[in-house]
file structure-v8.pdb (PDB, C-alpha atoms)
MODEL        1
ATOM      1  CA  MET A   1       0.000   0.000   0.000  1.00  0.00           C
ATOM      2  CA  HIS A   2       1.315   3.427  -0.931  1.00  0.00           C
ATOM      3  CA  PRO A   3       1.928   5.609   2.186  1.00  0.00           C
ATOM      4  CA  LEU A   4      -0.231   8.350   0.683  1.00  0.00           C
ATOM      5  CA  LEU A   5      -3.214   6.002   0.661  1.00  0.00           C
ATOM      6  CA  HIS A   6      -2.929   5.402   4.416  1.00  0.00           C
ATOM      7  CA  THR A   7      -2.919   9.159   5.077  1.00  0.00           C
ATOM      8  CA  ILE A   8      -5.873   9.650   2.738  1.00  0.00           C
ATOM      9  CA  GLU A   9      -7.880   6.980   4.536  1.00  0.00           C
ATOM     10  CA  SER A  10      -7.150   8.590   7.916  1.00  0.00           C
ATOM     11  CA  ILE A  11      -8.755  11.814   6.646  1.00  0.00           C
ATOM     12  CA  ILE A  12     -11.628  10.268   4.693  1.00  0.00           C
ATOM     13  CA  GLN A  13     -12.869   8.503   7.840  1.00  0.00           C
ATOM     14  CA  TRP A  14     -14.129  11.846   9.217  1.00  0.00           C
ATOM     15  CA  GLY A  15     -16.513  12.197   6.266  1.00  0.00           C
ATOM     16  CA  ILE A  16     -17.812   8.639   5.985  1.00  0.00           C
ATOM     17  CA  THR A  17     -18.148   7.426   9.592  1.00  0.00           C
ATOM     18  CA  PRO A  18     -20.524   9.437  11.798  1.00  0.00           C
ATOM     19  CA  LYS A  19     -19.626  10.137  15.419  1.00  0.00           C
ATOM     20  CA  LEU A  20     -16.299   8.386  15.460  1.00  0.00           C
ATOM     21  CA  PRO A  21     -15.503   7.371  19.067  1.00  0.00           C
ATOM     22  CA  VAL A  22     -12.015   8.894  19.047  1.00  0.00           C
ATOM     23  CA  GLU A  23     -10.254  11.114  21.568  1.00  0.00           C
ATOM     24  CA  ASN A  24      -8.491  14.306  20.449  1.00  0.00           C
ATOM     25  CA  LYS A  25     -10.227  14.437  17.074  1.00  0.00           C
ATOM     26  CA  ALA A  26      -8.923  17.902  16.195  1.00  0.00           C
ATOM     27  CA  LEU A  27      -5.332  16.925  16.962  1.00  0.00           C
ATOM     28  CA  LEU A  28      -5.604  13.733  14.892  1.00  0.00           C
ATOM     29  CA  LEU A  29      -7.106  15.680  12.011  1.00  0.00           C
ATOM     30  CA  LYS A  30      -4.315  18.275  12.171  1.00  0.00           C
ATOM     31  CA  LYS A  31      -1.658  15.553  12.140  1.00  0.00           C
ATOM     32  CA  SER A  32      -3.275  13.823   9.165  1.00  0.00           C
ATOM     33  CA  LEU A  33      -3.619  17.071   7.219  1.00  0.00           C
ATOM     34  CA  LEU A  34       0.031  17.897   7.848  1.00  0.00           C
ATOM     35  CA  LEU A  35       1.105  14.429   6.679  1.00  0.00           C
ATOM     36  CA  LEU A  36      -1.001  14.886   3.551  1.00  0.00           C
ATOM     37  CA  TYR A  37       0.503  18.307   2.887  1.00  0.00           C
ATOM     38  CA  ARG A  38       3.988  16.883   3.383  1.00  0.00           C
ATOM     39  CA  GLU A  39       3.261  14.110   0.864  1.00  0.00           C
ATOM     40  CA  TYR A  40       2.172  16.748  -1.633  1.00  0.00           C
ATOM     41  CA  LEU A  41       5.240  18.924  -1.117  1.00  0.00           C
ATOM     42  CA  ASN A  42       7.545  15.920  -1.539  1.00  0.00           C
ATOM     43  CA  LEU A  43       6.059  14.753  -4.853  1.00  0.00           C
ATOM     44  CA  GLU A  44       8.281  14.492  -7.885  1.00  0.00           C
ATOM     45  CA  GLU A  45       7.512  16.302 -11.103  1.00  0.00           C
ATOM     46  CA  ASP A  46       6.073  14.758 -14.276  1.00  0.00           C
ATOM     47  CA  LEU A  47       3.802  12.112 -12.840  1.00  0.00           C
ATOM     48  CA  PHE A  48       1.342  12.031 -15.709  1.00  0.00           C
ATOM     49  CA  ASP A  49       0.384   8.587 -16.977  1.00  0.00           C
ATOM     50  CA  ASP A  50      -0.510   9.543 -20.550  1.00  0.00           C
ATOM     51  CA  GLU A  51      -0.305   6.031 -21.948  1.00  0.00           C
ATOM     52  CA  ILE A  52      -3.716   4.875 -20.722  1.00  0.00           C
ATOM     53  CA  GLU A  53      -7.229   6.312 -20.915  1.00  0.00           C
ATOM     54  CA  TYR A  54      -8.795   5.699 -17.496  1.00  0.00           C
ATOM     55  CA  PRO A  55     -12.471   5.869 -16.554  1.00  0.00           C
ATOM     56  CA  GLU A  56     -13.683   8.822 -14.507  1.00  0.00           C
ATOM     57  CA  ALA A  57     -14.439   8.376 -10.818  1.00  0.00           C
ATOM     58  CA  PRO A  58     -18.047   8.349  -9.644  1.00  0.00           C
ATOM     59  CA  GLU A  59     -19.551  11.455  -8.071  1.00  0.00           C
ATOM     60  CA  PHE A  60     -19.228  11.443  -4.284  1.00  0.00           C
ATOM     61  CA  ASN A  61     -22.074  12.952  -2.243  1.00  0.00           C
ATOM     62  CA  PHE A  62     -20.826  16.276  -0.853  1.00  0.00           C
ATOM     63  CA  GLU A  63     -23.869  16.838   1.384  1.00  0.00           C
ATOM     64  CA  LYS A  64     -23.570  13.417   3.011  1.00  0.00           C
ATOM     65  CA  ILE A  65     -19.863  14.024   3.646  1.00  0.00           C
ATOM     66  CA  SER A  66     -20.637  17.430   5.169  1.00  0.00           C
ATOM     67  CA  ILE A  67     -23.326  16.020   7.486  1.00  0.00           C
ATOM     68  CA  THR A  68     -20.975  13.275   8.652  1.00  0.00           C
ATOM     69  CA  ILE A  69     -18.210  15.801   9.312  1.00  0.00           C
ATOM     70  CA  ARG A  70     -20.665  17.851  11.360  1.00  0.00           C
ATOM     71  CA  SER A  71     -21.264  14.785  13.565  1.00  0.00           C
ATOM     72  CA  ASN A  72     -17.519  14.464  14.157  1.00  0.00           C
ATOM     73  CA  PHE A  73     -16.596  18.164  14.342  1.00  0.00           C
ATOM     74  CA  PRO A  74     -19.655  20.229  15.340  1.00  0.00           C
ATOM     75  CA  GLU A  75     -17.373  23.177  16.118  1.00  0.00           C
ATOM     76  CA  LEU A  76     -16.282  23.537  12.489  1.00  0.00           C
ATOM     77  CA  GLY A  77     -18.268  26.361  11.006  1.00  0.00           C
ATOM     78  CA  PHE A  78     -17.832  29.822   9.577  1.00  0.00           C
ATOM     79  CA  TYR A  79     -14.713  31.937   9.988  1.00  0.00           C
ATOM     80  CA  GLN A  80     -13.386  35.210   8.616  1.00  0.00           C
ATOM     81  CA  ASN A  81     -10.493  35.326   6.224  1.00  0.00           C
ATOM     82  CA  VAL A  82      -8.629  38.293   4.777  1.00  0.00           C
ATOM     83  CA  THR A  83      -9.075  38.510   0.998  1.00  0.00           C
ATOM     84  CA  ASP A  84      -5.621  39.935   0.316  1.00  0.00           C
ATOM     85  CA  PRO A  85      -3.216  39.638   3.260  1.00  0.00           C
ATOM     86  CA  PHE A  86      -0.724  41.907   1.501  1.00  0.00           C
ATOM     87  CA  ASP A  87      -3.132  44.824   1.019  1.00  0.00           C
ATOM     88  CA  LEU A  88      -2.503  46.683   4.272  1.00  0.00           C
ATOM     89  CA  GLU A  89      -4.542  49.678   3.154  1.00  0.00           C
ATOM     90  CA  ARG A  90      -7.879  47.815   2.801  1.00  0.00           C
ATOM     91  CA  PRO A  91      -7.928  44.552   4.722  1.00  0.00           C
ATOM     92  CA  ASP A  92     -11.277  43.206   3.445  1.00  0.00           C
ATOM     93  CA  ASN A  93     -12.627  40.044   5.029  1.00  0.00           C
ATOM     94  CA  ILE A  94     -14.537  37.200   3.444  1.00  0.00           C
ATOM     95  CA  LEU A  95     -16.504  34.421   5.070  1.00  0.00           C
ATOM     96  CA  GLY A  96     -15.071  30.898   4.970  1.00  0.00           C
ATOM     97  CA  ASP A  97     -16.545  27.630   6.188  1.00  0.00           C
ATOM     98  CA  ALA A  98     -14.303  25.037   7.867  1.00  0.00           C
ATOM     99  CA  ASN A  99     -16.879  22.271   7.377  1.00  0.00           C
ATOM    100  CA  ASP A 100     -16.944  23.099   3.672  1.00  0.00           C
ATOM    101  CA  ASP A 101     -13.122  23.097   3.580  1.00  0.00           C
ATOM    102  CA  LEU A 102     -12.939  19.612   5.100  1.00  0.00           C
ATOM    103  CA  SER A 103     -15.816  18.361   2.926  1.00  0.00           C
ATOM    104  CA  ASP A 104     -14.002  19.524  -0.222  1.00  0.00           C
ATOM    105  CA  ILE A 105     -10.738  17.933   0.935  1.00  0.00           C
ATOM    106  CA  ILE A 106     -12.443  14.622   1.697  1.00  0.00           C
ATOM    107  CA  LYS A 107     -14.401  14.591  -1.554  1.00  0.00           C
ATOM    108  CA  ASP A 108     -11.172  15.189  -3.489  1.00  0.00           C
ATOM    109  CA  LEU A 109      -9.356  12.494  -1.510  1.00  0.00           C
ATOM    110  CA  MET A 110     -12.157  10.010  -2.112  1.00  0.00           C
ATOM    111  CA  GLU A 111     -11.487  10.389  -5.813  1.00  0.00           C
ATOM    112  CA  VAL A 112      -7.752   9.873  -5.280  1.00  0.00           C
ATOM    113  CA  GLN A 113      -8.545   6.752  -3.251  1.00  0.00           C
ATOM    114  CA  TRP A 114     -10.891   5.528  -6.005  1.00  0.00           C
ATOM    115  CA  ARG A 115      -8.143   6.037  -8.593  1.00  0.00           C
ATOM    116  CA  PHE A 116      -5.705   4.001  -6.476  1.00  0.00           C
ATOM    117  CA  GLN A 117      -8.249   1.193  -6.267  1.00  0.00           C
ATOM    118  CA  ASN A 118      -9.596   1.299  -9.833  1.00  0.00           C
ATOM    119  CA  ASN A 119      -7.051   2.918 -12.147  1.00  0.00           C
ATOM    120  CA  SER A 120      -3.371   2.930 -11.224  1.00  0.00           C
ATOM    121  CA  GLU A 121      -1.006   4.261  -8.593  1.00  0.00           C
ATOM    122  CA  MET A 122       0.457   6.688 -11.113  1.00  0.00           C
ATOM    123  CA  ASP A 123      -2.983   8.005 -12.081  1.00  0.00           C
ATOM    124  CA  ALA A 124      -3.927   8.440  -8.410  1.00  0.00           C
ATOM    125  CA  ILE A 125      -0.731  10.311  -7.567  1.00  0.00           C
ATOM    126  CA  TRP A 126      -1.042  12.487 -10.672  1.00  0.00           C
ATOM    127  CA  TYR A 127      -4.608  13.384  -9.699  1.00  0.00           C
ATOM    128  CA  PHE A 128      -3.569  14.009  -6.082  1.00  0.00           C
ATOM    129  CA  GLU A 129      -0.932  16.492  -7.228  1.00  0.00           C
ATOM    130  CA  PHE A 130      -3.417  18.125  -9.601  1.00  0.00           C
ATOM    131  CA  ILE A 131      -6.191  18.629  -7.001  1.00  0.00           C
ATOM    132  CA  MET A 132      -3.749  19.784  -4.340  1.00  0.00           C
ATOM    133  CA  ARG A 133      -2.214  22.385  -6.637  1.00  0.00           C
ATOM    134  CA  ASN A 134      -5.554  23.606  -7.967  1.00  0.00           C
ATOM    135  CA  HIS A 135      -8.004  23.160  -5.114  1.00  0.00           C
ATOM    136  CA  SER A 136      -7.263  21.340  -1.862  1.00  0.00           C
ATOM    137  CA  GLU A 137      -4.063  23.083  -0.773  1.00  0.00           C
ATOM    138  CA  ARG A 138      -5.909  26.319   0.049  1.00  0.00           C
ATOM    139  CA  HIS A 139      -8.600  24.385   1.947  1.00  0.00           C
ATOM    140  CA  ILE A 140      -5.919  22.601   3.999  1.00  0.00           C
ATOM    141  CA  VAL A 141      -4.167  25.840   4.897  1.00  0.00           C
ATOM    142  CA  ASN A 142      -7.457  27.511   5.879  1.00  0.00           C
ATOM    143  CA  LEU A 143      -8.589  24.485   7.878  1.00  0.00           C
ATOM    144  CA  LEU A 144      -5.294  24.202   9.770  1.00  0.00           C
ATOM    145  CA  LYS A 145      -5.485  27.881  10.695  1.00  0.00           C
ATOM    146  CA  THR A 146      -9.102  27.488  11.808  1.00  0.00           C
ATOM    147  CA  LEU A 147      -8.267  24.444  13.944  1.00  0.00           C
ATOM    148  CA  LYS A 148      -5.449  26.421  15.576  1.00  0.00           C
ATOM    149  CA  ASP A 149      -7.741  29.413  16.171  1.00  0.00           C
ATOM    150  CA  LEU A 150     -10.384  27.151  17.739  1.00  0.00           C
ATOM    151  CA  GLU A 151      -7.745  25.568  19.931  1.00  0.00           C
ATOM    152  CA  GLU A 152      -6.599  28.977  21.182  1.00  0.00           C
ATOM    153  CA  ARG A 153     -10.187  30.132  21.715  1.00  0.00           C
ATOM    154  CA  ASN A 154     -10.934  27.076  23.865  1.00  0.00           C
ATOM    155  CA  VAL A 155      -7.866  27.701  26.055  1.00  0.00           C
ATOM    156  CA  GLU A 156      -9.051  31.171  27.088  1.00  0.00           C
TER     157      GLU A 156
ENDMDL
END

call {"tool": "encode", "arguments": {"input": "structure-v8.pdb", "output": "structure tokens"}}
result
Amino acid sequence: MHPLLHTIESIIQWGITPKLPVENKALLLKKSLLLLYREYLNLEEDLFDDEIEYPEAPEFNFEKISITIRSNFPELGFYQNVTDPFDLERPDNILGDANDDLSDIIKDLMEVQWRFQNNSEMDAIWYFEFIMRNHSERHIVNLLKTLKDLEERNVE
């Protein structure tokens, strides 16, 4: 089994198994997200498997994933984010949603997992790199910051 697949499965569990009886859920999620991010940053270039035409993955139910996440992390909700952190003249805020961030990450990872199981390792890793670069990386960064902010809020 590819090490990436183990990390993916540790994150997917939060979106497919309601009310997981696990201690320190937020800490475990943070560790898994950091492992996933590390895997992404350590990928080699040119992973495209252009020799084979693979079938597309099925559509995974975003709403069901989101509801399951809510059962595991009821504290994950809306947060404010600065639109342009380098614009010190007009620091406009936008509304983000940590549940949505994790739902998007899990939905993307479910497709990577499906590709490992149904296509090829190379196809799965290529798709993982593609979705991280174009979609999931921002969600991971926002979610890690939100988990840290929640942790600090609960200490006060």

call {"tool": "residues_around", "arguments": {"input": "structure-v8.pdb", "residues": "Leu43 in chain A", "least_positions_apart": "4", "cutoff": "9 Å", "atoms": "all atoms listed in the file", "output": "PyMOL selection string"}}
result
chain A and resi 38-39+47+125+129

call {"tool": "write_last_selection", "arguments": {"input": "structure-v8.pdb", "atoms": "C-alpha atoms", "output": "mmCIF file, in the coordinates of the input"}}
result
data_model
loop_
_atom_site.group_PDB
_atom_site.id
_atom_site.type_symbol
_atom_site.label_atom_id
_atom_site.label_comp_id
_atom_site.auth_asym_id
_atom_site.auth_seq_id
_atom_site.Cartn_x
_atom_site.Cartn_y
_atom_site.Cartn_z
ATOM 1 C CA ARG A 38 3.988 16.883 3.383
ATOM 2 C CA GLU A 39 3.261 14.110 0.864
ATOM 3 C CA LEU A 47 3.802 12.112 -12.840
ATOM 4 C CA ILE A 125 -0.731 10.311 -7.567
ATOM 5 C CA GLU A 129 -0.932 16.492 -7.228
#

call {"tool": "residues_near_point", "arguments": {"input": "structure-v8.pdb", "point": "(-1.8, 12.6, -8.5)", "cutoff": "9 Å", "atoms": "only C-alpha atoms", "output": "MDAnalysis selection string"}}
result
chainID A and resid 40 43 47:48 112 121:132

call {"tool": "residues_around", "arguments": {"input": "structure-v8.pdb", "residues": "range 105-109 of chain A", "least_positions_apart": "6", "cutoff": "12 Å", "atoms": "all atoms listed in the file", "output": "PDB file with C-alpha atoms, keeping the file's coordinate frame"}}
result
ATOM      1  CA  LEU A   4      -0.231   8.350   0.683  1.00  0.00           C
ATOM      2  CA  LEU A   5      -3.214   6.002   0.661  1.00  0.00           C
ATOM      3  CA  HIS A   6      -2.929   5.402   4.416  1.00  0.00           C
ATOM      4  CA  THR A   7      -2.919   9.159   5.077  1.00  0.00           C
ATOM      5  CA  ILE A   8      -5.873   9.650   2.738  1.00  0.00           C
ATOM      6  CA  GLU A   9      -7.880   6.980   4.536  1.00  0.00           C
ATOM      7  CA  SER A  10      -7.150   8.590   7.916  1.00  0.00           C
ATOM      8  CA  ILE A  11      -8.755  11.814   6.646  1.00  0.00           C
ATOM      9  CA  ILE A  12     -11.628  10.268   4.693  1.00  0.00           C
ATOM     10  CA  GLN A  13     -12.869   8.503   7.840  1.00  0.00           C
ATOM     11  CA  TRP A  14     -14.129  11.846   9.217  1.00  0.00           C
ATOM     12  CA  GLY A  15     -16.513  12.197   6.266  1.00  0.00           C
ATOM     13  CA  ILE A  16     -17.812   8.639   5.985  1.00  0.00           C
ATOM     14  CA  LEU A  29      -7.106  15.680  12.011  1.00  0.00           C
ATOM     15  CA  SER A  32      -3.275  13.823   9.165  1.00  0.00           C
ATOM     16  CA  LEU A  33      -3.619  17.071   7.219  1.00  0.00           C
ATOM     17  CA  LEU A  36      -1.001  14.886   3.551  1.00  0.00           C
ATOM     18  CA  TYR A  37       0.503  18.307   2.887  1.00  0.00           C
ATOM     19  CA  ALA A  57     -14.439   8.376 -10.818  1.00  0.00           C
ATOM     20  CA  PRO A  58     -18.047   8.349  -9.644  1.00  0.00           C
ATOM     21  CA  GLU A  59     -19.551  11.455  -8.071  1.00  0.00           C
ATOM     22  CA  PHE A  60     -19.228  11.443  -4.284  1.00  0.00           C
ATOM     23  CA  ASN A  61     -22.074  12.952  -2.243  1.00  0.00           C
ATOM     24  CA  PHE A  62     -20.826  16.276  -0.853  1.00  0.00           C
ATOM     25  CA  GLU A  63     -23.869  16.838   1.384  1.00  0.00           C
ATOM     26  CA  LYS A  64     -23.570  13.417   3.011  1.00  0.00           C
ATOM     27  CA  ILE A  65     -19.863  14.024   3.646  1.00  0.00           C
ATOM     28  CA  SER A  66     -20.637  17.430   5.169  1.00  0.00           C
ATOM     29  CA  THR A  68     -20.975  13.275   8.652  1.00  0.00           C
ATOM     30  CA  ILE A  69     -18.210  15.801   9.312  1.00  0.00           C
ATOM     31  CA  ALA A  98     -14.303  25.037   7.867  1.00  0.00           C
ATOM     32  CA  ASN A  99     -16.879  22.271   7.377  1.00  0.00           C
ATOM     33  CA  ARG A 115      -8.143   6.037  -8.593  1.00  0.00           C
ATOM     34  CA  PHE A 116      -5.705   4.001  -6.476  1.00  0.00           C
ATOM     35  CA  ALA A 124      -3.927   8.440  -8.410  1.00  0.00           C
ATOM     36  CA  ILE A 125      -0.731  10.311  -7.567  1.00  0.00           C
ATOM     37  CA  TYR A 127      -4.608  13.384  -9.699  1.00  0.00           C
ATOM     38  CA  PHE A 128      -3.569  14.009  -6.082  1.00  0.00           C
ATOM     39  CA  GLU A 129      -0.932  16.492  -7.228  1.00  0.00           C
ATOM     40  CA  PHE A 130      -3.417  18.125  -9.601  1.00  0.00           C
ATOM     41  CA  ILE A 131      -6.191  18.629  -7.001  1.00  0.00           C
ATOM     42  CA  MET A 132      -3.749  19.784  -4.340  1.00  0.00           C
ATOM     43  CA  ARG A 133      -2.214  22.385  -6.637  1.00  0.00           C
ATOM     44  CA  ASN A 134      -5.554  23.606  -7.967  1.00  0.00           C
ATOM     45  CA  HIS A 135      -8.004  23.160  -5.114  1.00  0.00           C
ATOM     46  CA  SER A 136      -7.263  21.340  -1.862  1.00  0.00           C
ATOM     47  CA  GLU A 137      -4.063  23.083  -0.773  1.00  0.00           C
ATOM     48  CA  ARG A 138      -5.909  26.319   0.049  1.00  0.00           C
ATOM     49  CA  HIS A 139      -8.600  24.385   1.947  1.00  0.00           C
ATOM     50  CA  ILE A 140      -5.919  22.601   3.999  1.00  0.00           C
ATOM     51  CA  VAL A 141      -4.167  25.840   4.897  1.00  0.00           C
ATOM     52  CA  ASN A 142      -7.457  27.511   5.879  1.00  0.00           C
ATOM     53  CA  LEU A 143      -8.589  24.485   7.878  1.00  0.00           C
TER      54      LEU A 143
END

call {"tool": "residues_around", "arguments": {"input": "structure-v8.pdb", "residues": "Asn93 in chain A", "least_positions_apart": "3", "cutoff": "7 Å", "atoms": "all atoms listed in the file", "output": "VMD selection string"}}
result
chain A and resid 80 to 83

call {"tool": "atom_distance", "arguments": {"input": "structure-v8.pdb", "atom1": "CA of Lys25 in chain A", "atom2": "CA of Ile67 in chain A"}}
result
16.3 Å

call {"tool": "atom_distance", "arguments": {"input": "structure-v8.pdb", "atom1": "CA of Asp97 in chain A", "atom2": "CA of Asn24 in chain A"}}
result
21.1 Å

call {"tool": "closest_residue", "arguments": {"input": "structure-v8.pdb", "among": "A:Leu27, A:Thr17, A:Tyr54, A:Glu44", "to": "Trp114 in chain A", "atoms": "all atoms listed in the file"}}
result
A:Tyr54

call {"tool": "closest_residue", "arguments": {"input": "structure-v8.pdb", "among": "A:Pro74, A:Gly96, A:Pro3, A:Pro91", "to": "Ala26 in chain A", "atoms": "all atoms listed in the file"}}
result
A:Pro74

call {"tool": "atom_distance", "arguments": {"input": "structure-v8.pdb", "atom1": "CA of Lys145 in chain A", "atom2": "CA of Val22 in chain A"}}
result
21.7 Å

call {"tool": "residues_near_point", "arguments": {"input": "structure-v8.pdb", "point": "(-20.6, 13.9, 20.3)", "cutoff": "7 Å", "atoms": "only C-alpha atoms", "output": "PDB file with C-alpha atoms, in the frame of the given file"}}
result
ATOM      1  CA  LYS A  19     -19.626  10.137  15.419  1.00  0.00           C
ATOM      2  CA  SER A  71     -21.264  14.785  13.565  1.00  0.00           C
ATOM      3  CA  ASN A  72     -17.519  14.464  14.157  1.00  0.00           C
TER       4      ASN A  72
END

call {"tool": "resolve_selection", "arguments": {"input": "structure-v8.pdb", "expression": "the PyMOL selection byres ((chain A and resi 150-156) around 10)", "output": "ChimeraX atom specification"}}
result
/A:26-27,75-76,144-149

call {"tool": "axis_aligned_box", "arguments": {"input": "structure-v8.pdb", "around": "range 4-17 of chain A", "padding_each_side": "6 Å", "output": "JSON"}}
result
{"center_x": -9.2, "center_y": 8.8, "center_z": 5.1, "size_x": 29.9, "size_y": 18.8, "size_z": 20.9}
